[in-house]
Amino acid sequence: MQVTLEKTSGLERRMRISVPADQMDSKVDEKLKQTAGQVKIKGFRPGKVPMREVKRRFGEGIRQEVSSEVMQTSYAAAVQEQDVSPAGMPQIEDVNMEAGKDLEFTAVFEVFPEIELADFSNISVEKIISSVTDADVETMIGTLRDQRAEFSEVERKCVDGDKVNIDFDGFLDGEAFDGGKGEGSDLVLGSGQMIPGFESGIEGASKGDEVDVNVTFPAEYQSEELAGKEAVFKIKINSVSASELPELNDEFFTNFGVKEGGLEAFKTEVRSNMEREVEAATEGKLKNLVMDALIEQNSVDLPKALIDQEVDRLRQEAVQQFGGGNNIDPSMLPAEMFTAQAEKRVSLGLIVNAIVEQFEVKADDDKVKAMIEKMASSYEDPEQIVNFYYSNEQQLSQIQNLVLENQVIDTILDKATVTDVEQEYDEAIKPAPQTPMADSDDASEDEEAES
């Protein structure tokens with residue numbers, strides 16, 4: 001086998017491979033003999049079909065089949081011989097499989113980029129420090145009670161926190177607009193479900209009242225036809241209901257898995273959950289800051305093949321997220337929707353792999369065990385969960401990858417400049433600001449008359 005490797009541009013390589021004719025002819029003859037012993041042709045006894053007849057009927061197809069097999073094996077061998085790392089499958093060009101001649105073909109592919117990591121000491125990040133106070137726990141308990149409040153109809157003016165059932169019509173310059181009409185809609189006043197001014201304009205009204213509420217749509221509203229426009233909503237109050245909070249008793253505590261210990265045990269459980277939440281939130285934000293810094297400081301040539309693969313994965317995720325199942329062909333979604341995110345994922349993956357190799361980072365078994373036990377601690381039977389992870393290779397691999405990623409972050413933070421920033425619980429658990437693309441995706445899910 002002869003191999004020549006040519007660097008064309010950037011990460012692209014062209015590899016010309018030639019397999020001697022005698023090797024090809026030998027493999028084709030061997031395949032023809034196998035076929036002759038198995039094929040059934042009318043007029044010939046099994047195993048007695050003349051070779052010339054086998055060649056006439058199957059020779060060309062067998063040569064193509066053998067050529068395909070040889071191209072796969074010779075390409076793999078050539079990659080090892082030339083010590084290159086293809087990123088994705090090759091494109092096969094200029095194939096010559098003519099009988100009596102060398103098998104020749106060209107494999108065009110991209111290679112993984114060589115990454116020279118920037119100095120981690122140039123990275124500066126803020127690490128959020130937050131704790132759960134007694135006041136935070138009391139606020140959370142209040143929120144849990146609000147979520148399980150029951151509403152009963154009352155005969156009085158509605159106030160903040162009441163649930164009203166309404167019919168409404170929205171008008172711009174006296175003309176009704178699409179998406180501005182609703183009938184029999186339930187709305188909790190003060191929930192922020194509707195655009196600013198809508199809910200406060202209802203307060204003070206009673207069952208049977210009809211009120212006109214003047215509002216101004218936000219300048220950044222998702223519907224361009226409504227953005228920044230003044231509108232009037234004609235609203236009829238069908239009913240007013242006041243909330244009744246559940247008592248803090250054993251029945252309430254049991255709903256959250258606390259079967260004994262009363263109020264103090266319930267508070268302990270709530271605090272524990274809040275501490276896990278704030279820890280996960282602050283760690284996630286720190287990790288994102290580090291990853292963003294890695295991308296900013298490390299310029300990486302990205303193989304198009306890897307980006308295309310990641311785009312396909314993101315398409316699949318999008319279809320699954322929106323419940324498309326088999327009804328939507330992921331390839332119908334424009335690649336441009338996912339290109340930026342795919343490039344970021346591929347870039348991070350290549351940089352992280354370079355860190356793993358350069359610093360010889362390996363998933364620590366003790367840390368893997370600690371993470372599994374921590375995850376299992378919130379279940380009724382932790383030991384069963386631990387056994388599940390250790391008996392499931394795929395699940396265990398996912399935990400090992402998480403631990404490996406955390407160790408990469410630790411490797412970076414050991415050299416980076418880290419500044420502690422204290423935040424209260426409510427602020428610490430807020431999601432980090434999203435990219436404009438993500439914001440527009442979220443906004444598209446809102447109804448036109450709601451914020």
# chains A, B, ... in the order shown; residues from 1 in each chain; ligands from 1
call {"tool": "residues_around", "arguments": {"residues": "Ile166 in chain A", "least_positions_apart": "5", "cutoff": "12 Å", "atoms": "only C-alpha atoms", "output": "list in words"}}
result
Lys181, Gly182, Glu183, Gly184, Ser185, Asp186, Leu187, Val188, Leu189, Phe198, Glu199, Ile202, Ala205, Ser206, Lys207, Gly208, Asp209, Glu210, Val211, Phe233, Lys234, Ile235, Lys236, Ile237, Asn238, Ser239, Val240 and Ser241 of chain A
call {"tool": "residues_around", "arguments": {"residues": "Leu263 in chain A", "least_positions_apart": "3", "cutoff": "12 Å", "atoms": "only C-alpha atoms", "output": "mmCIF file with N, CA and C atoms, in the first residue's frame"}}
result
data_model
loop_
_atom_site.group_PDB
_atom_site.id
_atom_site.type_symbol
_atom_site.label_atom_id
_atom_site.label_comp_id
_atom_site.auth_asym_id
_atom_site.auth_seq_id
_atom_site.Cartn_x
_atom_site.Cartn_y
_atom_site.Cartn_z
ATOM 1 N N VAL A 137 -35.416 30.668 55.005
ATOM 2 C CA VAL A 137 -36.221 29.464 55.215
ATOM 3 C C VAL A 137 -37.684 29.842 55.431
ATOM 4 N N GLU A 138 -37.934 30.877 56.241
ATOM 5 C CA GLU A 138 -39.304 31.314 56.502
ATOM 6 C C GLU A 138 -39.962 31.797 55.211
ATOM 7 N N ILE A 141 -40.872 28.752 53.131
ATOM 8 C CA ILE A 141 -42.065 28.081 53.669
ATOM 9 C C ILE A 141 -43.317 28.857 53.267
ATOM 10 N N GLU A 247 -52.565 25.100 56.691
ATOM 11 C CA GLU A 247 -51.908 25.181 57.995
ATOM 12 C C GLU A 247 -50.595 24.399 57.977
ATOM 13 N N LEU A 248 -49.674 24.835 58.815
ATOM 14 C CA LEU A 248 -48.401 24.111 58.968
ATOM 15 C C LEU A 248 -48.620 22.969 59.953
ATOM 16 N N ASN A 249 -49.099 21.864 59.411
ATOM 17 C CA ASN A 249 -49.383 20.703 60.260
ATOM 18 C C ASN A 249 -48.773 19.451 59.629
ATOM 19 N N ASP A 250 -48.989 18.316 60.286
ATOM 20 C CA ASP A 250 -48.380 17.062 59.814
ATOM 21 C C ASP A 250 -48.837 16.703 58.400
ATOM 22 N N GLU A 251 -50.090 17.009 58.076
ATOM 23 C CA GLU A 251 -50.594 16.717 56.726
ATOM 24 C C GLU A 251 -49.809 17.508 55.678
ATOM 25 N N PHE A 252 -49.537 18.777 55.991
ATOM 26 C CA PHE A 252 -48.776 19.627 55.074
ATOM 27 C C PHE A 252 -47.339 19.130 54.953
ATOM 28 N N PHE A 253 -46.728 18.787 56.102
ATOM 29 C CA PHE A 253 -45.325 18.335 56.089
ATOM 30 C C PHE A 253 -45.160 17.042 55.300
ATOM 31 N N THR A 254 -46.158 16.158 55.400
ATOM 32 C CA THR A 254 -46.082 14.859 54.715
ATOM 33 C C THR A 254 -46.019 15.032 53.205
ATOM 34 N N PHE A 256 -44.281 16.910 51.663
ATOM 35 C CA PHE A 256 -42.887 17.158 51.299
ATOM 36 C C PHE A 256 -41.955 16.070 51.822
ATOM 37 N N VAL A 258 -41.777 14.751 54.837
ATOM 38 C CA VAL A 258 -41.430 14.801 56.261
ATOM 39 C C VAL A 258 -42.569 14.163 57.041
ATOM 40 N N LYS A 259 -42.361 12.922 57.506
ATOM 41 C CA LYS A 259 -43.433 12.167 58.134
ATOM 42 C C LYS A 259 -43.411 12.249 59.642
ATOM 43 N N GLU A 260 -42.312 12.731 60.219
ATOM 44 C CA GLU A 260 -42.239 12.869 61.665
ATOM 45 C C GLU A 260 -41.257 13.987 62.017
ATOM 46 N N PHE A 266 -39.392 19.768 59.461
ATOM 47 C CA PHE A 266 -39.759 20.336 58.158
ATOM 48 C C PHE A 266 -38.816 21.476 57.783
ATOM 49 N N LYS A 267 -38.521 22.348 58.746
ATOM 50 C CA LYS A 267 -37.599 23.459 58.486
ATOM 51 C C LYS A 267 -36.207 22.934 58.121
ATOM 52 N N THR A 268 -35.797 21.872 58.800
ATOM 53 C CA THR A 268 -34.481 21.284 58.504
ATOM 54 C C THR A 268 -34.437 20.756 57.074
ATOM 55 N N GLU A 269 -35.525 20.110 56.661
ATOM 56 C CA GLU A 269 -35.600 19.571 55.296
ATOM 57 C C GLU A 269 -35.595 20.696 54.266
ATOM 58 N N VAL A 270 -36.359 21.754 54.533
ATOM 59 C CA VAL A 270 -36.416 22.890 53.618
ATOM 60 C C VAL A 270 -35.042 23.540 53.497
#
call {"tool": "select_by_dssp", "arguments": {"residues": "range 186-243 of chain A", "states": "strand (DSSP E or B)", "output": "PyMOL selection string"}}
result
chain A and resi 186-188+194+210-216+230-243
call {"tool": "write_last_selection", "arguments": {"atoms": "C-alpha atoms", "output": "CSV table (one decimal), in the first residue's frame"}}
result
chain,number,residue,atom,x,y,z
A,186,ASP,CA,-58.1,33.0,35.7
A,187,LEU,CA,-55.6,35.5,36.9
A,188,VAL,CA,-53.8,35.9,40.3
A,194,MET,CA,-49.8,40.0,32.3
A,210,GLU,CA,-66.6,46.2,33.8
A,211,VAL,CA,-63.4,48.3,33.7
A,212,ASP,CA,-61.2,49.8,31.0
A,213,VAL,CA,-57.4,49.5,31.7
A,214,ASN,CA,-54.9,51.6,29.8
A,215,VAL,CA,-51.5,49.9,29.3
A,216,THR,CA,-48.3,50.5,27.3
A,230,GLU,CA,-50.6,52.1,24.0
A,231,ALA,CA,-53.6,49.9,24.3
A,232,VAL,CA,-57.0,49.7,26.1
A,233,PHE,CA,-58.3,46.5,27.6
A,234,LYS,CA,-62.0,46.2,28.3
A,235,ILE,CA,-62.3,43.8,31.2
A,236,LYS,CA,-65.3,42.2,32.8
A,237,ILE,CA,-64.9,40.6,36.3
A,238,ASN,CA,-66.7,37.3,36.5
A,239,SER,CA,-65.6,36.4,40.0
A,240,VAL,CA,-63.3,37.2,42.8
A,241,SER,CA,-61.6,34.5,45.0
A,242,ALA,CA,-59.5,34.9,48.1
A,243,SER,CA,-56.7,32.5,48.9
call {"tool": "residues_around", "arguments": {"residues": "Leu32 in chain A", "least_positions_apart": "3", "cutoff": "10 Å", "atoms": "only C-alpha atoms", "output": "ChimeraX atom specification"}}
result
/A:26-29,35-38,51-52,54-55,58-59,62-63
call {"tool": "residues_around", "arguments": {"residues": "Ala428 in chain A", "least_positions_apart": "4", "cutoff": "8 Å", "atoms": "only C-alpha atoms", "output": "ChimeraX atom specification"}}
result
/A:128,130,278,281-282,423-424
call {"tool": "write_last_selection", "arguments": {"atoms": "N, CA and C atoms", "output": "CSV table (one decimal), in the first residue's frame"}}
result
chain,number,residue,atom,x,y,z
A,128,ILE,N,-19.3,33.3,43.7
A,128,ILE,CA,-20.4,33.7,44.6
A,128,ILE,C,-20.4,32.9,45.9
A,130,SER,N,-22.7,32.3,49.2
A,130,SER,CA,-24.0,32.5,49.7
A,130,SER,C,-24.4,31.5,50.8
A,278,VAL,N,-28.6,26.3,46.3
A,278,VAL,CA,-27.7,27.4,46.1
A,278,VAL,C,-26.3,27.0,45.8
A,281,ALA,N,-26.3,26.2,42.1
A,281,ALA,CA,-26.4,27.4,41.3
A,281,ALA,C,-25.1,28.1,41.3
A,282,THR,N,-24.5,28.3,42.4
A,282,THR,CA,-23.2,29.0,42.5
A,282,THR,C,-22.1,28.3,41.8
A,423,GLN,N,-23.4,37.1,48.1
A,423,GLN,CA,-24.8,37.4,47.6
A,423,GLN,C,-25.8,36.7,48.5
A,424,GLU,N,-27.0,37.3,48.6
A,424,GLU,CA,-28.1,36.7,49.4
A,424,GLU,C,-28.6,35.6,48.6
call {"tool": "atom_distance", "arguments": {"atom1": "CA of Met274 in chain A", "atom2": "CA of Val368 in chain A"}}
result
23.1 Å
call {"tool": "closest_residue", "arguments": {"among": "A:Ser391, A:Glu244, A:Ala227, A:Asp136", "to": "Glu427 in chain A", "atoms": "only C-alpha atoms"}}
result
A:Asp136
call {"tool": "residues_around", "arguments": {"residues": "Thr339 in chain A", "least_positions_apart": "4", "cutoff": "9 Å", "atoms": "only C-alpha atoms", "output": "VMD selection string"}}
result
chain A and resid 307 to 308 310 to 311 335 343 to 344
call {"tool": "select_by_dssp", "arguments": {"residues": "range 17-194 of chain A", "states": "helix (DSSP H, G or I)", "output": "PyMOL selection string"}}
result
chain A and resi 21-38+51-82+120-122+134-147
call {"tool": "atom_distance", "arguments": {"atom1": "CA of Ala78 in chain A", "atom2": "CA of Lys304 in chain A"}}
result
22.0 Å
call {"tool": "closest_residue", "arguments": {"among": "A:Arg315, A:Met291, A:Val111, A:Asp365", "to": "Asp410 in chain A", "atoms": "only C-alpha atoms"}}
result
A:Met291
call {"tool": "residues_around", "arguments": {"residues": "Ala77 in chain A", "least_positions_apart": "2", "cutoff": "12 Å", "atoms": "only C-alpha atoms", "output": "list in words"}}
result
Met1, Gln2, Val3, Met15, Ile17, Val19, Val70, Met71, Gln72, Thr73, Ser74, Tyr75, Val79, Gln80, Glu81, Gln82, Asp83 and Val84 of chain A
call {"tool": "write_last_selection", "arguments": {"atoms": "C-alpha atoms", "output": "PDB file, in the first residue's frame"}}
result
ATOM      1  CA  MET A   1       0.000   0.000   0.000  1.00  0.00           C
ATOM      2  CA  GLN A   2       1.260   3.446  -0.930  1.00  0.00           C
ATOM      3  CA  VAL A   3       0.100   6.582   0.906  1.00  0.00           C
ATOM      4  CA  MET A  15      -4.677  11.369   1.511  1.00  0.00           C
ATOM      5  CA  ILE A  17      -4.049   5.632  -1.101  1.00  0.00           C
ATOM      6  CA  VAL A  19      -3.471  -0.798  -3.075  1.00  0.00           C
ATOM      7  CA  VAL A  70     -10.382  -2.691   1.231  1.00  0.00           C
ATOM      8  CA  MET A  71     -10.871   1.084   1.168  1.00  0.00           C
ATOM      9  CA  GLN A  72     -12.139   0.999   4.759  1.00  0.00           C
ATOM     10  CA  THR A  73      -9.301  -1.157   6.078  1.00  0.00           C
ATOM     11  CA  SER A  74      -6.577   0.574   4.078  1.00  0.00           C
ATOM     12  CA  TYR A  75      -7.839   4.030   5.151  1.00  0.00           C
ATOM     13  CA  VAL A  79      -4.312   6.981   9.243  1.00  0.00           C
ATOM     14  CA  GLN A  80      -2.189   5.063  11.742  1.00  0.00           C
ATOM     15  CA  GLU A  81       0.810   5.010   9.409  1.00  0.00           C
ATOM     16  CA  GLN A  82       0.670   8.790   8.850  1.00  0.00           C
ATOM     17  CA  ASP A  83      -0.091   9.456  12.545  1.00  0.00           C
ATOM     18  CA  VAL A  84      -3.060  11.749  11.887  1.00  0.00           C
TER      19      VAL A  84
END
call {"tool": "atom_distance", "arguments": {"atom1": "CA of Phe338 in chain A", "atom2": "CA of Ala107 in chain A"}}
result
28.1 Å
call {"tool": "decode", "arguments": {"residues": "range 224-318 of chain A", "atoms": "C-alpha atoms", "output": "PDB file, in the first residue's frame"}}
result
ATOM      1  CA  GLU A 224     -43.345  44.181  16.707  1.00  0.00           C
ATOM      2  CA  GLU A 225     -46.929  45.277  15.979  1.00  0.00           C
ATOM      3  CA  LEU A 226     -47.519  45.844  19.720  1.00  0.00           C
ATOM      4  CA  ALA A 227     -44.075  46.862  20.999  1.00  0.00           C
ATOM      5  CA  GLY A 228     -44.202  50.302  22.642  1.00  0.00           C
ATOM      6  CA  LYS A 229     -47.862  50.823  21.696  1.00  0.00           C
ATOM      7  CA  GLU A 230     -50.600  52.149  24.007  1.00  0.00           C
ATOM      8  CA  ALA A 231     -53.631  49.904  24.299  1.00  0.00           C
ATOM      9  CA  VAL A 232     -56.952  49.690  26.126  1.00  0.00           C
ATOM     10  CA  PHE A 233     -58.259  46.456  27.610  1.00  0.00           C
ATOM     11  CA  LYS A 234     -61.982  46.229  28.289  1.00  0.00           C
ATOM     12  CA  ILE A 235     -62.284  43.804  31.205  1.00  0.00           C
ATOM     13  CA  LYS A 236     -65.293  42.157  32.835  1.00  0.00           C
ATOM     14  CA  ILE A 237     -64.888  40.634  36.324  1.00  0.00           C
ATOM     15  CA  ASN A 238     -66.711  37.313  36.474  1.00  0.00           C
ATOM     16  CA  SER A 239     -65.647  36.360  40.009  1.00  0.00           C
ATOM     17  CA  VAL A 240     -63.256  37.229  42.823  1.00  0.00           C
ATOM     18  CA  SER A 241     -61.643  34.512  44.965  1.00  0.00           C
ATOM     19  CA  ALA A 242     -59.475  34.917  48.053  1.00  0.00           C
ATOM     20  CA  SER A 243     -56.679  32.537  48.921  1.00  0.00           C
ATOM     21  CA  GLU A 244     -56.719  30.352  52.008  1.00  0.00           C
ATOM     22  CA  LEU A 245     -53.272  29.172  53.064  1.00  0.00           C
ATOM     23  CA  PRO A 246     -52.842  25.595  54.342  1.00  0.00           C
ATOM     24  CA  GLU A 247     -51.908  25.181  57.995  1.00  0.00           C
ATOM     25  CA  LEU A 248     -48.401  24.111  58.968  1.00  0.00           C
ATOM     26  CA  ASN A 249     -49.383  20.703  60.260  1.00  0.00           C
ATOM     27  CA  ASP A 250     -48.380  17.062  59.814  1.00  0.00           C
ATOM     28  CA  GLU A 251     -50.594  16.717  56.726  1.00  0.00           C
ATOM     29  CA  PHE A 252     -48.776  19.627  55.074  1.00  0.00           C
ATOM     30  CA  PHE A 253     -45.325  18.335  56.089  1.00  0.00           C
ATOM     31  CA  THR A 254     -46.082  14.859  54.715  1.00  0.00           C
ATOM     32  CA  ASN A 255     -46.612  16.355  51.254  1.00  0.00           C
ATOM     33  CA  PHE A 256     -42.887  17.158  51.299  1.00  0.00           C
ATOM     34  CA  GLY A 257     -41.734  13.781  52.581  1.00  0.00           C
ATOM     35  CA  VAL A 258     -41.430  14.801  56.261  1.00  0.00           C
ATOM     36  CA  LYS A 259     -43.433  12.167  58.134  1.00  0.00           C
ATOM     37  CA  GLU A 260     -42.239  12.869  61.665  1.00  0.00           C
ATOM     38  CA  GLY A 261     -40.521  15.554  63.672  1.00  0.00           C
ATOM     39  CA  GLY A 262     -43.083  18.303  63.107  1.00  0.00           C
ATOM     40  CA  LEU A 263     -42.231  21.867  62.198  1.00  0.00           C
ATOM     41  CA  GLU A 264     -38.557  21.719  63.177  1.00  0.00           C
ATOM     42  CA  ALA A 265     -37.935  18.639  61.018  1.00  0.00           C
ATOM     43  CA  PHE A 266     -39.759  20.336  58.158  1.00  0.00           C
ATOM     44  CA  LYS A 267     -37.599  23.459  58.486  1.00  0.00           C
ATOM     45  CA  THR A 268     -34.481  21.284  58.504  1.00  0.00           C
ATOM     46  CA  GLU A 269     -35.600  19.571  55.296  1.00  0.00           C
ATOM     47  CA  VAL A 270     -36.416  22.890  53.618  1.00  0.00           C
ATOM     48  CA  ARG A 271     -33.036  24.354  54.621  1.00  0.00           C
ATOM     49  CA  SER A 272     -31.217  21.270  53.326  1.00  0.00           C
ATOM     50  CA  ASN A 273     -32.938  21.521  49.945  1.00  0.00           C
ATOM     51  CA  MET A 274     -32.209  25.241  49.730  1.00  0.00           C
ATOM     52  CA  GLU A 275     -28.544  24.693  50.552  1.00  0.00           C
ATOM     53  CA  ARG A 276     -28.267  22.076  47.804  1.00  0.00           C
ATOM     54  CA  GLU A 277     -29.959  24.451  45.384  1.00  0.00           C
ATOM     55  CA  VAL A 278     -27.731  27.430  46.138  1.00  0.00           C
ATOM     56  CA  GLU A 279     -24.615  25.262  46.027  1.00  0.00           C
ATOM     57  CA  ALA A 280     -25.546  23.904  42.609  1.00  0.00           C
ATOM     58  CA  ALA A 281     -26.427  27.392  41.342  1.00  0.00           C
ATOM     59  CA  THR A 282     -23.203  29.047  42.485  1.00  0.00           C
ATOM     60  CA  GLU A 283     -21.033  26.183  41.243  1.00  0.00           C
ATOM     61  CA  GLY A 284     -22.800  26.284  37.889  1.00  0.00           C
ATOM     62  CA  LYS A 285     -22.264  30.028  37.516  1.00  0.00           C
ATOM     63  CA  LEU A 286     -18.580  29.714  38.416  1.00  0.00           C
ATOM     64  CA  LYS A 287     -18.147  26.893  35.907  1.00  0.00           C
ATOM     65  CA  ASN A 288     -19.812  28.952  33.175  1.00  0.00           C
ATOM     66  CA  LEU A 289     -17.541  31.925  33.896  1.00  0.00           C
ATOM     67  CA  VAL A 290     -14.466  29.703  33.644  1.00  0.00           C
ATOM     68  CA  MET A 291     -15.672  28.114  30.407  1.00  0.00           C
ATOM     69  CA  ASP A 292     -16.425  31.513  28.875  1.00  0.00           C
ATOM     70  CA  ALA A 293     -12.920  32.678  29.850  1.00  0.00           C
ATOM     71  CA  LEU A 294     -11.392  29.598  28.209  1.00  0.00           C
ATOM     72  CA  ILE A 295     -13.158  30.338  24.927  1.00  0.00           C
ATOM     73  CA  GLU A 296     -12.194  34.011  25.100  1.00  0.00           C
ATOM     74  CA  GLN A 297      -8.513  33.315  25.697  1.00  0.00           C
ATOM     75  CA  ASN A 298      -8.009  30.258  23.502  1.00  0.00           C
ATOM     76  CA  SER A 299      -8.542  30.649  19.774  1.00  0.00           C
ATOM     77  CA  VAL A 300      -9.280  27.260  18.214  1.00  0.00           C
ATOM     78  CA  ASP A 301      -9.660  26.198  14.581  1.00  0.00           C
ATOM     79  CA  LEU A 302     -12.902  24.225  14.511  1.00  0.00           C
ATOM     80  CA  PRO A 303     -13.342  21.202  12.208  1.00  0.00           C
ATOM     81  CA  LYS A 304     -16.505  21.673  10.172  1.00  0.00           C
ATOM     82  CA  ALA A 305     -17.295  17.975  10.555  1.00  0.00           C
ATOM     83  CA  LEU A 306     -17.510  18.331  14.342  1.00  0.00           C
ATOM     84  CA  ILE A 307     -19.703  21.422  14.068  1.00  0.00           C
ATOM     85  CA  ASP A 308     -22.049  19.590  11.697  1.00  0.00           C
ATOM     86  CA  GLN A 309     -22.263  16.655  14.118  1.00  0.00           C
ATOM     87  CA  GLU A 310     -23.035  19.005  17.021  1.00  0.00           C
ATOM     88  CA  VAL A 311     -25.673  20.843  14.985  1.00  0.00           C
ATOM     89  CA  ASP A 312     -27.370  17.491  14.343  1.00  0.00           C
ATOM     90  CA  ARG A 313     -27.299  16.707  18.077  1.00  0.00           C
ATOM     91  CA  LEU A 314     -28.821  20.099  18.899  1.00  0.00           C
ATOM     92  CA  ARG A 315     -31.522  19.527  16.301  1.00  0.00           C
ATOM     93  CA  GLN A 316     -32.375  16.209  17.937  1.00  0.00           C
ATOM     94  CA  GLU A 317     -32.459  17.868  21.382  1.00  0.00           C
ATOM     95  CA  ALA A 318     -34.764  20.598  20.091  1.00  0.00           C
TER      96      ALA A 318
END
